[in-house]
file query.cif (mmCIF, C-alpha atoms and all ligand atoms)
data_coords
#
loop_
_atom_site.group_PDB
_atom_site.id
_atom_site.type_symbol
_atom_site.label_atom_id
_atom_site.label_comp_id
_atom_site.auth_asym_id
_atom_site.auth_seq_id
_atom_site.Cartn_x
_atom_site.Cartn_y
_atom_site.Cartn_z
ATOM 1 C CA MET A 1 103.034 65.974 67.604
ATOM 2 C CA HIS A 2 105.342 64.286 70.108
ATOM 3 C CA ASP A 3 105.504 60.532 69.490
ATOM 4 C CA ALA A 4 104.206 59.584 72.941
ATOM 5 C CA ALA A 5 101.383 62.109 72.753
ATOM 6 C CA TYR A 6 100.551 60.901 69.255
ATOM 7 C CA SER A 7 100.489 57.318 70.488
ATOM 8 C CA ARG A 8 98.146 58.198 73.381
ATOM 9 C CA ALA A 9 95.890 60.195 71.051
ATOM 10 C CA SER A 10 95.725 57.402 68.477
ATOM 11 C CA ARG A 11 94.854 54.817 71.173
ATOM 12 C CA PHE A 12 92.130 57.123 72.485
ATOM 13 C CA ALA A 13 90.749 57.668 68.960
ATOM 14 C CA ALA A 14 90.799 53.906 68.372
ATOM 15 C CA LEU A 15 88.146 53.501 71.083
ATOM 16 C CA PHE A 16 85.704 55.246 68.760
ATOM 17 C CA ILE A 17 87.072 54.821 65.224
ATOM 18 C CA PRO A 18 88.839 51.526 64.482
ATOM 19 C CA PRO A 19 92.235 52.325 62.928
ATOM 20 C CA ARG A 20 92.470 51.489 59.229
ATOM 21 C CA CYS A 21 95.390 50.362 57.095
ATOM 22 C CA SER A 22 96.718 53.318 55.082
ATOM 23 C CA LEU A 23 96.809 51.222 51.913
ATOM 24 C CA CYS A 24 93.927 48.725 51.851
ATOM 25 C CA LEU A 25 91.695 50.241 54.574
ATOM 26 C CA ALA A 26 91.440 46.926 56.476
ATOM 27 C CA THR A 27 91.159 47.420 60.258
ATOM 28 C CA THR A 28 94.539 47.369 61.953
ATOM 29 C CA GLU A 29 96.164 47.713 65.370
ATOM 30 C CA PRO A 30 96.492 51.182 66.923
ATOM 31 C CA ASP A 31 99.945 52.671 66.129
ATOM 32 C CA GLN A 32 100.262 50.412 63.045
ATOM 33 C CA PRO A 33 99.779 52.355 59.807
ATOM 34 C CA LEU A 34 99.659 49.116 57.798
ATOM 35 C CA CYS A 35 97.710 45.865 58.282
ATOM 36 C CA THR A 36 99.683 42.626 58.609
ATOM 37 C CA GLN A 37 99.258 41.763 54.914
ATOM 38 C CA CYS A 38 100.424 45.156 53.671
ATOM 39 C CA GLN A 39 103.350 45.064 56.122
ATOM 40 C CA GLN A 40 104.375 41.752 54.573
ATOM 41 C CA ARG A 41 104.049 43.169 51.052
ATOM 42 C CA ALA A 42 106.207 46.144 52.049
ATOM 43 C CA ARG A 43 108.866 43.825 53.510
ATOM 44 C CA LEU A 44 109.030 41.612 50.409
ATOM 45 C CA THR A 45 111.262 44.088 48.584
ATOM 46 C CA PRO A 46 114.755 42.702 47.959
ATOM 47 C CA PRO A 47 117.837 44.607 49.161
ATOM 48 C CA GLY A 48 119.626 46.988 46.817
ATOM 49 C CA ALA A 49 118.887 50.666 46.187
ATOM 50 C CA ILE A 50 118.969 52.386 42.791
ATOM 51 C CA GLN A 51 122.055 54.475 42.176
ATOM 52 C CA LEU A 52 121.321 57.853 40.559
ATOM 53 C CA ASN A 53 123.865 59.959 38.713
ATOM 54 C CA HIS A 54 123.401 63.660 39.303
ATOM 55 C CA SER A 55 125.863 66.484 38.989
ATOM 56 C CA GLY A 56 126.452 68.375 42.199
ATOM 57 C CA LEU A 57 125.785 65.348 44.403
ATOM 58 C CA ASP A 58 128.594 63.226 45.815
ATOM 59 C CA ALA A 59 126.308 60.183 45.779
ATOM 60 C CA ALA A 60 122.607 59.693 45.175
ATOM 61 C CA PHE A 61 120.252 56.783 45.665
ATOM 62 C CA ALA A 62 116.571 56.051 45.360
ATOM 63 C CA ALA A 63 115.513 53.245 47.665
ATOM 64 C CA PHE A 64 112.851 51.961 45.245
ATOM 65 C CA ASP A 65 111.309 52.322 41.828
ATOM 66 C CA TYR A 66 108.079 54.250 41.964
ATOM 67 C CA ALA A 67 105.722 51.315 41.375
ATOM 68 C CA GLY A 68 103.383 48.883 43.151
ATOM 69 C CA THR A 69 103.209 49.078 46.946
ATOM 70 C CA VAL A 70 105.850 51.807 46.966
ATOM 71 C CA SER A 71 103.783 54.166 44.790
ATOM 72 C CA GLU A 72 100.645 53.329 46.806
ATOM 73 C CA MET A 73 102.470 54.316 49.995
ATOM 74 C CA VAL A 74 103.709 57.591 48.547
ATOM 75 C CA LYS A 75 100.221 58.480 47.298
ATOM 76 C CA ALA A 76 98.641 57.576 50.666
ATOM 77 C CA LEU A 77 101.169 59.813 52.431
ATOM 78 C CA LYS A 78 100.956 62.731 49.999
ATOM 79 C CA TYR A 79 97.318 62.778 49.036
ATOM 80 C CA ARG A 80 95.499 61.067 51.909
ATOM 81 C CA GLY A 81 97.592 62.438 54.752
ATOM 82 C CA ALA A 82 98.710 58.990 55.997
ATOM 83 C CA VAL A 83 101.607 60.622 57.844
ATOM 84 C CA ALA A 84 102.350 57.555 59.995
ATOM 85 C CA LEU A 85 103.617 55.843 56.815
ATOM 86 C CA ALA A 86 106.754 58.011 56.953
ATOM 87 C CA GLY A 87 108.105 55.712 59.686
ATOM 88 C CA VAL A 88 107.433 52.589 57.590
ATOM 89 C CA MET A 89 109.061 54.259 54.562
ATOM 90 C CA SER A 90 112.159 55.139 56.571
ATOM 91 C CA GLU A 91 112.460 51.526 57.748
ATOM 92 C CA MET A 92 112.023 50.192 54.204
ATOM 93 C CA ALA A 93 114.552 52.666 52.754
ATOM 94 C CA SER A 94 117.086 51.871 55.507
ATOM 95 C CA ARG A 95 117.112 48.212 54.546
ATOM 96 C CA ARG A 96 117.873 49.082 50.894
ATOM 97 C CA LEU A 97 120.642 51.653 51.326
ATOM 98 C CA PRO A 98 124.362 50.861 51.258
ATOM 99 C CA SER A 99 125.468 50.501 54.892
ATOM 100 C CA ASP A 100 127.845 53.488 54.713
ATOM 101 C CA PHE A 101 125.391 55.852 53.006
ATOM 102 C CA LEU A 102 124.129 57.561 56.179
ATOM 103 C CA ALA A 103 127.470 58.392 57.811
ATOM 104 C CA PRO A 104 127.648 59.154 61.556
ATOM 105 C CA GLY A 105 127.213 62.905 62.017
ATOM 106 C CA ALA A 106 125.314 63.382 58.762
ATOM 107 C CA VAL A 107 122.628 66.078 58.715
ATOM 108 C CA LEU A 108 119.406 65.140 56.911
ATOM 109 C CA VAL A 109 117.792 68.020 55.014
ATOM 110 C CA PRO A 110 114.406 67.587 53.328
ATOM 111 C CA ALA A 111 113.785 68.962 49.852
ATOM 112 C CA PRO A 112 111.243 71.729 50.464
ATOM 113 C CA SER A 113 107.635 71.521 49.293
ATOM 114 C CA HIS A 114 106.311 74.217 47.033
ATOM 115 C CA PRO A 115 104.631 76.766 49.361
ATOM 116 C CA ALA A 116 101.230 76.207 47.674
ATOM 117 C CA SER A 117 101.469 72.402 48.100
ATOM 118 C CA HIS A 118 102.592 72.844 51.698
ATOM 119 C CA ARG A 119 99.621 75.112 52.459
ATOM 120 C CA ALA A 120 97.171 72.698 50.812
ATOM 121 C CA ARG A 121 98.565 69.588 52.586
ATOM 122 C CA GLY A 122 99.668 71.105 55.833
ATOM 123 C CA PHE A 123 102.934 69.142 55.736
ATOM 124 C CA ASN A 124 105.927 68.339 53.569
ATOM 125 C CA PRO A 125 106.095 64.575 52.812
ATOM 126 C CA ALA A 126 109.864 64.777 52.217
ATOM 127 C CA ALA A 127 110.312 66.330 55.686
ATOM 128 C CA LEU A 128 108.313 63.557 57.369
ATOM 129 C CA PHE A 129 110.422 60.942 55.567
ATOM 130 C CA ALA A 130 113.710 62.693 56.427
ATOM 131 C CA LYS A 131 112.680 63.210 60.067
ATOM 132 C CA ALA A 132 111.732 59.533 60.448
ATOM 133 C CA LEU A 133 115.085 58.497 58.920
ATOM 134 C CA ALA A 134 116.992 60.890 61.192
ATOM 135 C CA ASN A 135 115.203 59.508 64.273
ATOM 136 C CA ARG A 136 115.829 55.917 63.199
ATOM 137 C CA HIS A 137 119.584 56.491 62.704
ATOM 138 C CA GLY A 138 120.152 59.032 65.488
ATOM 139 C CA LEU A 139 121.126 61.729 62.981
ATOM 140 C CA ALA A 140 120.409 65.456 62.959
ATOM 141 C CA PHE A 141 117.476 66.821 60.967
ATOM 142 C CA ALA A 142 117.480 70.352 59.537
ATOM 143 C CA ASP A 143 114.395 71.613 57.710
ATOM 144 C CA GLN A 144 116.299 74.648 56.443
ATOM 145 C CA LEU A 145 115.537 74.875 52.740
ATOM 146 C CA ALA A 146 112.713 76.921 51.214
ATOM 147 C CA ARG A 147 111.328 76.875 47.700
ATOM 148 C CA ASP A 148 110.544 79.928 45.601
ATOM 149 C CA GLY A 149 106.733 80.185 45.544
ATOM 150 C CA SER A 150 106.648 82.287 42.376
ATOM 151 C CA ARG A 151 107.445 79.261 40.229
ATOM 152 C CA PRO A 152 104.763 76.574 39.618
ATOM 153 C CA PRO A 153 105.065 73.304 41.598
ATOM 154 C CA GLN A 154 107.208 70.694 39.806
ATOM 155 C CA ALA A 155 104.238 68.334 39.412
ATOM 156 C CA LYS A 156 102.527 70.951 37.212
ATOM 157 C CA LEU A 157 105.494 71.256 34.829
ATOM 158 C CA SER A 158 106.457 69.238 31.767
ATOM 159 C CA ARG A 159 109.628 67.159 31.921
ATOM 160 C CA ALA A 160 111.469 69.754 29.800
ATOM 161 C CA GLU A 161 110.378 72.546 32.149
ATOM 162 C CA ARG A 162 111.421 70.563 35.224
ATOM 163 C CA LEU A 163 114.910 70.150 33.865
ATOM 164 C CA THR A 164 115.361 73.912 33.747
ATOM 165 C CA MET A 165 114.650 74.634 37.423
ATOM 166 C CA PRO A 166 116.825 77.687 38.147
ATOM 167 C CA ASP A 167 119.519 77.401 40.812
ATOM 168 C CA ASP A 168 117.832 80.086 42.891
ATOM 169 C CA ALA A 169 114.502 78.203 43.060
ATOM 170 C CA VAL A 170 115.637 76.856 46.445
ATOM 171 C CA ARG A 171 117.416 78.848 49.124
ATOM 172 C CA MET A 172 118.632 78.337 52.671
ATOM 173 C CA ARG A 173 116.443 79.663 55.446
ATOM 174 C CA TYR A 174 118.508 81.294 58.120
ATOM 175 C CA ALA A 175 118.498 80.051 61.662
ATOM 176 C CA ARG A 176 118.079 83.509 63.082
ATOM 177 C CA LEU A 177 114.498 83.555 61.803
ATOM 178 C CA ARG A 178 113.741 80.800 64.310
ATOM 179 C CA PRO A 179 116.418 81.214 66.975
ATOM 180 C CA TRP A 180 114.565 78.978 69.465
ATOM 181 C CA ARG A 181 115.143 76.012 67.188
ATOM 182 C CA ARG A 182 118.468 74.261 67.177
ATOM 183 C CA ASN A 183 119.810 74.397 63.646
ATOM 184 C CA PRO A 184 122.432 71.758 62.767
ATOM 185 C CA LEU A 185 123.235 73.640 59.555
ATOM 186 C CA ALA A 186 124.254 76.800 61.429
ATOM 187 C CA GLU A 187 127.567 75.084 62.130
ATOM 188 C CA PHE A 188 129.433 73.855 59.095
ATOM 189 C CA PRO A 189 128.340 70.219 58.586
ATOM 190 C CA PRO A 190 130.824 67.890 56.840
ATOM 191 C CA ASN A 191 128.123 65.593 55.537
ATOM 192 C CA VAL A 192 124.622 66.490 54.353
ATOM 193 C CA VAL A 193 121.961 64.212 52.858
ATOM 194 C CA VAL A 194 119.168 65.923 50.931
ATOM 195 C CA CYS A 195 116.038 63.746 51.172
ATOM 196 C CA ASP A 196 112.951 63.668 48.975
ATOM 197 C CA ASP A 197 109.967 61.334 48.792
ATOM 198 C CA VAL A 198 110.017 60.959 45.005
ATOM 199 C CA THR A 199 112.610 62.029 42.463
ATOM 200 C CA THR A 200 111.881 62.239 38.754
ATOM 201 C CA THR A 201 114.581 64.211 36.964
ATOM 202 C CA GLY A 202 116.787 64.667 40.031
ATOM 203 C CA VAL A 203 116.865 68.400 39.467
ATOM 204 C CA THR A 204 115.240 69.166 42.837
ATOM 205 C CA LEU A 205 117.985 67.259 44.691
ATOM 206 C CA GLU A 206 120.639 69.037 42.597
ATOM 207 C CA VAL A 207 119.211 72.501 43.212
ATOM 208 C CA CYS A 208 118.959 71.774 46.955
ATOM 209 C CA ALA A 209 122.629 70.685 46.972
ATOM 210 C CA PHE A 210 123.565 73.875 45.107
ATOM 211 C CA ALA A 211 121.748 76.052 47.681
ATOM 212 C CA ILE A 212 123.589 74.350 50.557
ATOM 213 C CA ARG A 213 127.010 74.548 48.862
ATOM 214 C CA GLU A 214 126.465 78.198 47.998
ATOM 215 C CA ARG A 215 125.651 78.944 51.633
ATOM 216 C CA TYR A 216 128.971 77.477 52.842
ATOM 217 C CA GLY A 217 131.106 78.617 49.961
ATOM 218 C CA LEU A 218 131.763 76.430 46.943
ATOM 219 C CA GLU A 219 135.525 75.953 47.137
ATOM 220 C CA ASP A 220 137.187 76.680 50.428
ATOM 221 C CA ARG A 221 134.907 74.602 52.679
ATOM 222 C CA PRO A 222 134.182 71.330 50.980
ATOM 223 C CA VAL A 223 131.003 69.689 52.179
ATOM 224 C CA GLN A 224 129.923 66.253 51.072
ATOM 225 C CA ILE A 225 126.323 66.390 49.871
ATOM 226 C CA LYS A 226 124.382 63.264 48.998
ATOM 227 C CA GLY A 227 120.863 62.812 47.679
ATOM 228 C CA LEU A 228 118.274 60.262 48.757
ATOM 229 C CA ALA A 229 114.760 59.667 47.477
ATOM 230 C CA PHE A 230 112.352 57.058 48.761
ATOM 231 C CA ALA A 231 111.373 56.332 45.149
ATOM 232 C CA SER A 232 112.553 57.124 41.655
ATOM 233 C CA ALA A 233 109.887 57.751 38.993
ATOM 234 C CA ARG A 234 112.342 58.071 36.093
ATOM 235 C CA GLN A 235 110.911 55.220 34.034
ATOM 236 C CA THR A 236 107.318 55.450 35.184
ATOM 237 C CA SER A 237 104.727 58.185 35.608
ATOM 238 C CA PRO A 238 106.396 61.601 35.848
ATOM 239 C CA SER A 239 103.490 63.035 37.837
ATOM 240 C CA HIS A 240 105.309 63.439 41.147
ATOM 241 C CA GLY A 241 108.344 65.208 42.555
ATOM 242 C CA GLY A 242 111.112 66.801 40.495
HETATM 243 ZN ZN ZN B 1 96.504 46.767 54.334
#
call {"tool": "encode", "arguments": {"input": "query.cif", "output": "structure tokens", "more": "lines below"}}
Ligand SMILES: [Zn+2]
result
Amino acid sequence: MHDAAYSRASRFAALFIPPRCSLCLATTEPDQPLCTQCQQRARLTPPGAIQLNHSGLDAAFAAFDYAGTVSEMVKALKYRGAVALAGVMSEMASRRLPSDFLAPGAVLVPAPSHPASHRARGFNPAALFAKALANRHGLAFADQLARDGSRPPQAKLSRAERLTMPDDAVRMRYARLRPWRRNPLAEFPPNVVVCDDVTTTGVTLEVCAFAIRERYGLEDRPVQIKGLAFASARQTSPSHGG
């Protein structure tokens, strides 16, 4: 929904149902996904993102460890449909990233949801996060990757199985399928950032980077591809992302 229309709709709804904080369910102001206390908790995080080392990515960061308020926010977004949190997450991540990470002209590409998860949820949390980041930084957003639905969702796989995600599990969707949509990846982009809500093994980010590189040719047209996750669950519960 358009932001202004969403804002009008949420104010109208607030006349009948008081808006609730996405984390603690306290009543909150219309247009504010978090109450004042939870906003303060979210802002308490010190600067400094977590650098990830993944082959096939020119740089990769997770803004946070998957723990505490951060994991509560991801769960509220993914499992309770608190989609307005994507804006808060993009603001939080922006404050943690190195200042040169999102270069001018970069195209933000969300890691695709598994088709079954997307059908069940009705949205891709990684796309909401990437879109909010793109809007915040005035960058292009291209939801142009698709995941192979014949393979189980990453969350249903063991760590060993996740690490063996085949390179063809993600592919580029072609712009001509949706010609009415502007597609920033149709032109060769010099700088792409693959975005996910949670990364565990990093293999999803790597496979997405592979799909993009393959589309443009691996050698003759070098494209810088970075990876960004809102949270890294490497050391904690491996029950999300890939
Ligand atoms: Zn709250």
call {"tool": "resolve_selection", "arguments": {"input": "query.cif", "expression": "the PyMOL selection byres (((chain A and resi 224) around 9) and not hetatm)", "output": "list in words"}}
result
Leu57, Asp58, Ala59, Pro189, Pro190, Asn191, Val192, Val193, Pro222, Val223, Ile225 and Lys226 of chain A
call {"tool": "atom_distance", "arguments": {"input": "query.cif", "atom1": "atom CA of A:Glu206", "atom2": "atom CA of A:Thr164"}}
result
11.4 Å
call {"tool": "atom_distance", "arguments": {"input": "query.cif", "atom1": "atom CA of A:Cys38", "atom2": "atom CA of A:Arg95"}}
result
17.0 Å
call {"tool": "residues_around", "arguments": {"input": "query.cif", "residues": "A:Ala67", "least_positions_apart": "3", "cutoff": "9 Å", "atoms": "all atoms listed in the file", "output": "list of chain:residue names"}}
result
A:Phe64, A:Val70, A:Ser71, A:Glu72, A:Ala231, A:Ser232, A:Ala233, A:Thr236
call {"tool": "write_last_selection", "arguments": {"input": "query.cif", "atoms": "C-alpha atoms", "output": "PDB file, in the frame of the given file"}}
result
ATOM      1  CA  PHE A  64     112.851  51.961  45.245  1.00  0.00           C
ATOM      2  CA  VAL A  70     105.850  51.807  46.966  1.00  0.00           C
ATOM      3  CA  SER A  71     103.783  54.166  44.790  1.00  0.00           C
ATOM      4  CA  GLU A  72     100.645  53.329  46.806  1.00  0.00           C
ATOM      5  CA  ALA A 231     111.373  56.332  45.149  1.00  0.00           C
ATOM      6  CA  SER A 232     112.553  57.124  41.655  1.00  0.00           C
ATOM      7  CA  ALA A 233     109.887  57.751  38.993  1.00  0.00           C
ATOM      8  CA  THR A 236     107.318  55.450  35.184  1.00  0.00           C
TER       9      THR A 236
END
call {"tool": "residues_near_ligand", "arguments": {"input": "query.cif", "ligand": "ligand ZN 1 (chain B)", "cutoff": "6 Å", "atoms": "all atoms listed in the file", "output": "ChimeraX atom specification"}}
result
/A:21,23-26,34-35,37-38
call {"tool": "resolve_selection", "arguments": {"input": "query.cif", "expression": "the PyMOL selection byres (((chain A and resi 140) around 7) and not hetatm)", "output": "ChimeraX atom specification"}}
result
/A:106-108,134,138-139,141-142,184
call {"tool": "closest_residue", "arguments": {"input": "query.cif", "among": "A:Met172, A:Ala63, A:Ala160, A:Ala86", "to": "A:Leu145", "atoms": "all atoms listed in the file"}}
result
A:Met172
call {"tool": "closest_residue", "arguments": {"input": "query.cif", "among": "A:Lys78, A:Arg151, A:Arg159, A:Arg136", "to": "A:Arg121", "atoms": "all atoms listed in the file"}}
result
A:Lys78
call {"tool": "closest_residue", "arguments": {"input": "query.cif", "among": "A:Gly227, A:Pro104, A:Gly149, A:Pro33", "to": "A:Ala116", "atoms": "all atoms listed in the file"}}
result
A:Gly149
